[in-house]
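File shown: query.cif. Contents: mmCIF, C-alpha atoms and all ligand atoms.
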data_structure
loop_
_atom_site.label_atom_id
_atom_site.label_comp_id
_atom_site.auth_asym_id
_atom_site.auth_seq_id
_atom_site.Cartn_x
_atom_site.Cartn_y
_atom_site.Cartn_z
CA MET A 1 9.96 11.97 -5.90
CA ARG A 2 8.04 12.51 -9.07
CA PHE A 3 6.35 9.77 -11.11
CA ASP A 4 5.25 10.43 -14.71
CA ILE A 5 3.00 7.80 -16.24
CA ILE A 6 2.25 7.68 -19.97
CA THR A 7 -0.90 5.74 -20.77
CA ILE A 8 -3.80 5.60 -23.18
CA PHE A 9 -6.09 5.20 -20.12
CA PRO A 10 -5.31 8.06 -17.72
CA GLY A 11 -8.70 7.48 -16.03
CA PHE A 12 -7.36 4.12 -14.84
CA PHE A 13 -5.28 5.93 -12.20
CA ALA A 14 -8.11 8.17 -10.96
CA GLY A 15 -8.76 6.25 -7.75
CA ILE A 16 -5.77 4.04 -7.41
CA PHE A 17 -3.50 6.52 -5.61
CA GLU A 18 -6.28 7.93 -3.42
CA HIS A 19 -5.90 5.52 -0.53
CA GLY A 20 -3.77 4.87 2.52
CA ILE A 21 -0.03 5.49 2.48
CA VAL A 22 0.07 6.64 -1.14
CA ARG A 23 -2.64 9.24 -0.59
CA ARG A 24 -0.90 10.51 2.56
CA ALA A 25 2.47 10.70 0.82
CA ARG A 26 0.92 12.75 -1.99
CA ALA A 27 -0.96 14.99 0.43
CA ALA A 28 2.26 15.61 2.39
CA GLY A 29 4.01 16.64 -0.84
CA LEU A 30 6.53 13.78 -0.59
CA VAL A 31 5.56 12.48 -4.02
CA THR A 32 3.85 13.73 -7.15
CA VAL A 33 2.16 11.45 -9.66
CA GLU A 34 1.40 12.90 -13.10
CA THR A 35 -0.47 10.90 -15.71
CA HIS A 36 -0.09 11.83 -19.38
CA ASP A 37 -2.72 10.85 -21.93
CA LEU A 38 -0.89 9.45 -24.94
CA ARG A 39 -3.76 10.45 -27.22
CA ALA A 40 -3.08 14.10 -26.44
CA PHE A 41 0.12 13.70 -28.50
CA THR A 42 -1.55 12.57 -31.71
CA HIS A 43 -2.45 14.87 -34.59
CA ASP A 44 -5.08 13.03 -36.59
CA ARG A 45 -8.84 13.16 -36.32
CA HIS A 46 -9.04 9.69 -34.75
CA ARG A 47 -6.22 10.35 -32.26
CA THR A 48 -4.48 7.21 -33.43
CA VAL A 49 -1.89 5.78 -31.08
CA ASP A 50 -1.41 2.33 -32.66
CA ASP A 51 -0.73 0.73 -35.99
CA ARG A 52 -0.26 -2.71 -37.55
CA PRO A 53 3.03 -4.51 -36.99
CA PHE A 54 5.64 -4.57 -39.73
CA GLY A 55 6.10 -8.17 -40.86
CA GLY A 56 2.46 -8.99 -40.24
CA GLY A 57 0.98 -11.03 -37.44
CA GLU A 58 -1.50 -10.53 -34.65
CA GLY A 59 -2.51 -7.30 -32.95
CA MET A 60 -1.43 -3.68 -33.01
CA VAL A 61 1.62 -1.81 -31.77
CA LEU A 62 1.82 1.55 -29.95
CA LYS A 63 3.38 4.03 -32.36
CA ALA A 64 6.73 5.66 -31.65
CA GLU A 65 5.89 9.30 -32.53
CA PRO A 66 3.20 10.03 -29.89
CA LEU A 67 5.30 8.33 -27.22
CA ALA A 68 8.36 10.41 -28.12
CA GLU A 69 6.27 13.57 -28.15
CA ALA A 70 4.71 12.74 -24.78
CA LEU A 71 8.15 12.17 -23.25
CA GLY A 72 9.45 15.41 -24.77
CA SER A 73 6.47 17.33 -23.32
CA PHE A 74 7.93 16.91 -19.82
CA GLY A 75 11.58 17.21 -20.77
CA ILE A 76 12.62 13.62 -21.46
CA GLU A 77 14.93 13.48 -24.46
CA PRO A 78 16.44 10.38 -26.08
CA LYS A 79 19.10 8.78 -23.85
CA ALA A 80 21.98 9.99 -26.01
CA ALA A 81 20.94 13.62 -25.52
CA ARG A 82 20.28 13.52 -21.74
CA SER A 83 22.34 15.61 -19.37
CA GLU A 84 24.42 13.94 -16.67
CA THR A 85 22.01 15.31 -14.02
CA ILE A 86 18.97 13.73 -15.69
CA ARG A 87 20.87 10.48 -16.18
CA SER A 88 21.76 10.21 -12.52
CA THR A 89 18.36 11.22 -11.12
CA THR A 90 15.79 9.82 -13.58
CA ARG A 91 14.86 6.42 -14.95
CA VAL A 92 12.58 5.85 -17.91
CA ILE A 93 10.93 2.48 -17.43
CA LEU A 94 9.08 0.41 -20.00
CA LEU A 95 6.57 -1.92 -18.37
CA SER A 96 6.84 -5.17 -20.29
CA ALA A 97 6.25 -8.89 -19.82
CA GLN A 98 9.71 -9.29 -21.39
CA GLY A 99 11.40 -7.10 -18.80
CA ARG A 100 13.77 -7.77 -15.90
CA PRO A 101 11.83 -8.98 -12.86
CA PHE A 102 10.66 -6.13 -10.63
CA THR A 103 11.78 -7.14 -7.14
CA GLN A 104 12.14 -5.43 -3.78
CA ALA A 105 15.85 -4.96 -4.56
CA VAL A 106 14.94 -3.11 -7.78
CA ALA A 107 12.37 -1.04 -5.83
CA ARG A 108 15.12 -0.07 -3.37
CA GLU A 109 17.42 1.02 -6.24
CA LEU A 110 14.65 3.08 -7.82
CA ALA A 111 13.72 4.71 -4.50
CA ARG A 112 17.13 6.46 -4.49
CA LEU A 113 16.20 8.49 -7.60
CA ASP A 114 14.25 11.75 -7.99
CA ARG A 115 12.05 10.83 -10.90
CA LEU A 116 10.57 7.74 -12.54
CA VAL A 117 8.89 7.80 -15.93
CA LEU A 118 6.66 4.81 -16.60
CA LEU A 119 5.53 3.83 -20.10
CA CYS A 120 2.44 1.64 -20.17
CA GLY A 121 2.20 -0.61 -23.19
CA ARG A 122 -1.04 -1.86 -24.70
CA TYR A 123 -1.97 -4.27 -27.51
CA GLU A 124 1.15 -6.21 -28.57
CA GLY A 125 3.38 -3.62 -26.95
CA VAL A 126 5.40 -0.54 -27.84
CA ASP A 127 7.45 0.15 -31.00
CA GLU A 128 10.87 -1.24 -30.01
CA ARG A 129 12.66 1.96 -31.08
CA ILE A 130 11.11 3.76 -28.09
CA ASN A 131 12.67 1.13 -25.86
CA GLN A 132 16.06 1.49 -27.60
CA LEU A 133 16.11 5.28 -27.73
CA TYR A 134 14.40 6.34 -24.50
CA CYS A 135 14.09 3.52 -21.95
CA ASP A 136 16.69 2.82 -19.28
CA VAL A 137 15.12 -0.44 -18.20
CA GLU A 138 12.29 -2.81 -19.07
CA LEU A 139 10.51 -4.14 -15.99
CA SER A 140 8.12 -7.06 -15.63
CA ILE A 141 6.00 -7.46 -12.49
CA GLY A 142 5.70 -11.22 -12.97
CA ASP A 143 5.65 -14.13 -15.36
CA TYR A 144 2.20 -13.55 -16.76
CA VAL A 145 0.76 -11.30 -19.45
CA LEU A 146 -1.44 -8.36 -18.49
CA SER A 147 -3.60 -6.54 -21.00
CA GLY A 148 -1.76 -3.28 -20.35
CA GLY A 149 1.11 -1.72 -18.43
CA GLU A 150 -1.16 0.37 -16.16
CA LEU A 151 -1.50 -2.19 -13.37
CA ALA A 152 2.24 -2.84 -13.54
CA ALA A 153 2.99 0.90 -13.33
CA ALA A 154 0.73 1.20 -10.27
CA VAL A 155 2.58 -1.71 -8.64
CA VAL A 156 5.95 -0.02 -9.24
CA VAL A 157 4.72 3.35 -7.93
CA ASP A 158 3.29 1.77 -4.78
CA ALA A 159 6.31 -0.42 -3.99
CA VAL A 160 8.83 2.38 -4.60
CA MET A 161 6.87 5.12 -2.89
CA ARG A 162 6.59 3.30 0.43
CA LEU A 163 10.40 3.06 0.59
CA LEU A 164 10.89 6.83 0.40
CA PRO A 165 12.01 8.56 3.60
CA GLY A 166 9.04 9.82 5.61
CA VAL A 167 6.38 7.87 3.73
CA LEU A 168 5.98 5.02 6.20
CA GLY A 169 5.29 6.00 9.82
CA ASN A 170 8.23 3.97 11.08
CA GLU A 171 11.10 4.65 8.65
CA ALA A 172 12.77 1.36 9.42
CA SER A 173 9.77 -0.79 8.71
CA GLY A 174 10.48 -1.12 4.98
CA GLU A 175 13.76 -2.82 5.83
CA PHE A 176 12.10 -5.32 8.12
CA GLU A 177 9.40 -6.69 5.85
CA SER A 178 9.44 -9.61 3.47
CA PHE A 179 12.60 -9.42 1.31
CA GLY A 180 14.02 -6.86 3.76
CA VAL A 181 17.76 -6.64 4.30
CA ALA A 182 18.12 -5.52 7.87
CA ASP A 183 17.61 -8.68 9.83
CA ALA A 184 19.75 -10.78 7.57
CA GLU A 185 22.71 -8.55 8.35
CA ILE A 186 21.96 -8.39 12.04
CA SER A 187 21.05 -11.98 12.68
CA ALA A 188 24.37 -13.16 11.23
CA ASP A 189 26.15 -11.93 14.34
CA GLN A 190 23.35 -12.48 16.85
CA GLU A 191 23.09 -16.24 16.84
CA GLY A 192 19.93 -16.30 14.76
CA VAL A 193 17.91 -14.00 16.99
CA PRO A 194 16.68 -11.22 14.74
CA ARG A 195 16.70 -7.76 16.29
CA SER A 196 13.47 -6.57 14.83
CA GLN A 197 9.98 -7.42 15.94
CA HIS A 198 8.89 -7.18 12.33
CA GLY A 199 11.83 -8.65 10.57
CA ALA A 200 12.25 -10.75 7.51
CA GLY A 201 15.94 -10.49 6.62
CA GLY A 202 16.00 -11.60 2.98
CA LEU A 203 13.27 -14.12 3.78
CA LEU A 204 9.49 -13.91 3.77
CA ASP A 205 7.73 -12.31 6.71
CA TYR A 206 6.40 -14.39 9.60
CA PRO A 207 2.63 -14.80 10.23
CA HIS A 208 0.84 -12.07 12.20
CA TYR A 209 -2.03 -12.41 14.67
CA THR A 210 -4.24 -9.97 16.56
CA ARG A 211 -7.18 -10.27 19.00
CA PRO A 212 -9.14 -12.40 19.73
CA ALA A 213 -6.67 -15.00 21.00
CA GLU A 214 -9.05 -17.72 19.80
CA PHE A 215 -10.97 -17.63 16.52
CA LEU A 216 -13.19 -20.44 15.20
CA GLY A 217 -11.37 -22.89 17.45
CA LEU A 218 -7.87 -21.76 16.40
CA ARG A 219 -5.68 -20.33 19.16
CA VAL A 220 -2.86 -17.89 18.59
CA PRO A 221 0.47 -19.75 19.11
CA GLU A 222 1.21 -19.78 22.86
CA THR A 223 4.71 -18.33 22.37
CA LEU A 224 3.20 -15.05 21.18
CA LEU A 225 1.11 -14.75 24.35
CA ASN A 226 3.76 -15.48 26.96
CA GLY A 227 5.68 -12.17 26.77
CA ASP A 228 9.16 -13.77 26.44
CA HIS A 229 10.64 -11.56 23.72
CA VAL A 230 13.64 -13.70 22.92
CA GLU A 231 11.36 -16.72 22.52
CA ILE A 232 9.01 -14.65 20.35
CA ARG A 233 11.87 -13.58 18.10
CA ARG A 234 13.11 -17.14 17.80
CA TRP A 235 9.58 -18.34 16.96
CA ARG A 236 9.22 -15.63 14.32
CA ARG A 237 12.55 -16.51 12.75
CA GLU A 238 11.55 -20.15 12.59
CA GLN A 239 8.26 -19.14 10.95
CA GLN A 240 10.11 -16.99 8.41
CA LEU A 241 12.31 -19.93 7.51
CA ARG A 242 9.35 -22.30 7.34
CA LYS A 243 7.27 -20.02 5.12
CA THR A 244 10.21 -19.27 2.82
CA LEU A 245 11.04 -22.96 2.52
CA GLN A 246 7.44 -23.79 1.70
CA ASN A 247 6.56 -20.91 -0.63
CA ARG A 248 9.85 -19.49 -2.00
CA PRO A 249 12.75 -21.91 -1.50
CA ASP A 250 14.71 -19.98 -4.16
CA LEU A 251 15.11 -17.06 -1.69
CA LEU A 252 17.06 -19.27 0.71
CA GLU A 253 19.98 -19.38 -1.74
CA ASN A 254 20.81 -15.70 -1.19
CA ALA A 255 19.59 -15.28 2.39
CA ILE A 256 22.22 -14.72 5.06
CA LEU A 257 21.69 -17.63 7.40
CA THR A 258 23.32 -18.27 10.76
CA ALA A 259 24.31 -21.70 12.02
CA GLU A 260 21.17 -21.55 14.18
CA ASP A 261 19.03 -20.80 11.10
CA ARG A 262 20.53 -23.78 9.28
CA LYS A 263 19.78 -26.07 12.21
CA LEU A 264 16.20 -24.79 12.29
CA LEU A 265 15.86 -25.27 8.54
CA ASN A 266 17.03 -28.87 8.77
CA ALA A 267 14.55 -29.49 11.57
CA ILE A 268 11.74 -27.91 9.50
CA ARG A 269 12.70 -30.01 6.47
CA GLU A 270 12.57 -33.10 8.65
CA THR A 271 9.08 -32.26 9.98
CA ILE A 272 7.88 -31.61 6.43
CA ARG A 273 9.43 -34.89 5.25
CA ARG A 274 7.61 -36.75 8.04
CA GLY A 275 4.34 -35.01 7.03
CA GLU A 276 4.13 -33.08 10.34
CA GLN A 277 3.52 -29.33 10.47
N1 LIG B 1 3.08 -9.09 -26.78
C1 LIG B 1 3.51 -8.99 -25.42
C2 LIG B 1 4.21 -10.26 -25.01
O1 LIG B 1 3.87 -11.33 -25.50
O2 LIG B 1 5.11 -10.17 -24.14
C3 LIG B 1 2.34 -8.77 -24.49
C4 LIG B 1 1.77 -7.40 -24.58
S1 LIG B 1 0.62 -7.07 -23.30
C5 LIG B 1 -0.87 -7.73 -23.96
C6 LIG B 1 0.36 -5.36 -23.37
C7 LIG B 1 1.19 -4.54 -22.40
O3 LIG B 1 0.91 -4.93 -21.07
C8 LIG B 1 2.69 -4.65 -22.54
O4 LIG B 1 3.17 -3.83 -23.57
C9 LIG B 1 3.16 -4.20 -21.17
O5 LIG B 1 3.24 -2.79 -21.09
C10 LIG B 1 2.04 -4.69 -20.27
N2 LIG B 1 2.39 -5.92 -19.57
C11 LIG B 1 1.89 -7.15 -19.79
N3 LIG B 1 2.38 -8.05 -18.95
C12 LIG B 1 3.21 -7.39 -18.13
C13 LIG B 1 4.04 -7.78 -17.05
N4 LIG B 1 4.10 -9.04 -16.63
N5 LIG B 1 4.78 -6.82 -16.43
C14 LIG B 1 4.74 -5.54 -16.86
N6 LIG B 1 3.97 -5.10 -17.89
C15 LIG B 1 3.22 -6.02 -18.52
#

Represent the supplied structure as structure tokens.
Ligand code: SAM
Amino acid sequence: MRFDIITIFPGFFAGIFEHGIVRRARAAGLVTVETHDLRAFTHDRHRTVDDRPFGGGEGMVLKAEPLAEALGSFGIEPKAARSETIRSTTRVILLSAQGRPFTQAVARELARLDRLVLLCGRYEGVDERINQLYCDVELSIGDYVLSGGELAAAVVVDAVMRLLPGVLGNEASGEFESFGVADAEISADQEGVPRSQHGAGGLLDYPHYTRPAEFLGLRVPETLLNGDHVEIRRWRREQQLRKTLQNRPDLLENAILTAEDRKLLNAIRETIRRGEQ
């Protein structure tokens, strides 16, 4: 997969993709990340990329012409002029606080494509005509305002890249993390016992522990030490439900829950209501 990032701060990305899984994926030739300096597509002495907003008001706006020229420099035409092949393999994404939420489901959709083009806004944002003419989707990484789209672009690259075949050591592991799909499907016909040792199934992941078994007076839960794998899976499922209920109850609405899960959830709700843990 190829990622093209348009930014006024290409140096921002100098170290960010040099670590861990992302670095290995690049080194193995599974992904390419190209950054494009927006200022290289200006033609005045000051390399101006922004201008005042029509209608007045605060701040500056990234100009349409350099953005269009930058996109054209690597073959991205306005949507109306794109070939069917480009349309089905490429997405041009505007990072924006006003965008659709970027979720794991969106990351999974994007991971099926060959190429993502990411436009990083700055100041008050990007001239809206770039969005209308060139962008397939506006994505927001959360309900807060960043000073630029660069961090958001890096988040999208990281989350999408790790879903590509061959990037993670264990290909299945992306399915079995928080927001994963696999366990939800499986647990529905396995009486609430998730298949995976790492599973989340549309819920949040369960807590993880490693040695030592005791740390600052806190012992690892006994279930994890006793080697009974069915019990361990049941404990993990209960923890997934508990964590999701506590931190992201909205996810429970779309999770696939078994009768066993629902019983566990009611029991957890009851312990929370009574102030127990
Ligand atoms: N005027 C904009 C607003 O009120 O929504 C905020 C612009 S922000 C200061 C500058 C740039 O940061 C945006 O153009 C966008 O590219 C990026 N940005 C800010 N928040 C973001 C978010 N939550 N998700 C993705 N990109 C974001």

Nearest to ligand LIG 1 (chain B), chosen from A:Arg115, A:Arg237, A:Lys63, A:Lys263, with all atoms listed in the file counted in the distances: A:Lys63

Using all atoms listed in the file: which of A:Glu58, A:Glu84, A:Asp4, A:Asp37 has the shortest distance to ligand LIG 1 (chain B):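 Looking at the shortest contact to ligand LIG 1 (chain B), the residue is A:Glu58.
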
When distances are computed from all atoms listed in the file, which of A:Ile268, A:Ile8, A:Ala80, A:Ala25 shows the smallest separation from ligand LIG 1 (chain B)?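 Closest to ligand LIG 1 (chain B), using all atoms listed in the file: A:Ile8.
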
For each of A:Leu203, A:Val92, A:Leu264, A:Leu168, take the minimum atom-to-atom distance to A:Thr244, counting all atoms listed in the file, then give the residue where this is smallest. A:Leu203

Please provide the set of residues having any atom within 8 Å of A:Gly149, restricted to only C-alpha atoms, with same-chain residues fewer than 4 positions apart removed, written as a PDB file with C-alpha atoms, in the frame of the given file.
ATOM      1  CA  LEU A  95       6.570  -1.920 -18.370  1.00  0.00           C
ATOM      2  CA  SER A  96       6.840  -5.170 -20.290  1.00  0.00           C
ATOM      3  CA  LEU A 119       5.530   3.830 -20.100  1.00  0.00           C
ATOM      4  CA  CYS A 120       2.440   1.640 -20.170  1.00  0.00           C
ATOM      5  CA  GLY A 121       2.200  -0.610 -23.190  1.00  0.00           C
ATOM      6  CA  ARG A 122      -1.040  -1.860 -24.700  1.00  0.00           C
ATOM      7  CA  ALA A 153       2.990   0.900 -13.330  1.00  0.00           C
TER       8      ALA A 153
END

To one decimal place in Å, what is the distance between atom CA of A:Phe13 and atom CA of A:Arg45?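 Between atom CA of A:Phe13 and atom CA of A:Arg45 the gap is 25.4 Å.
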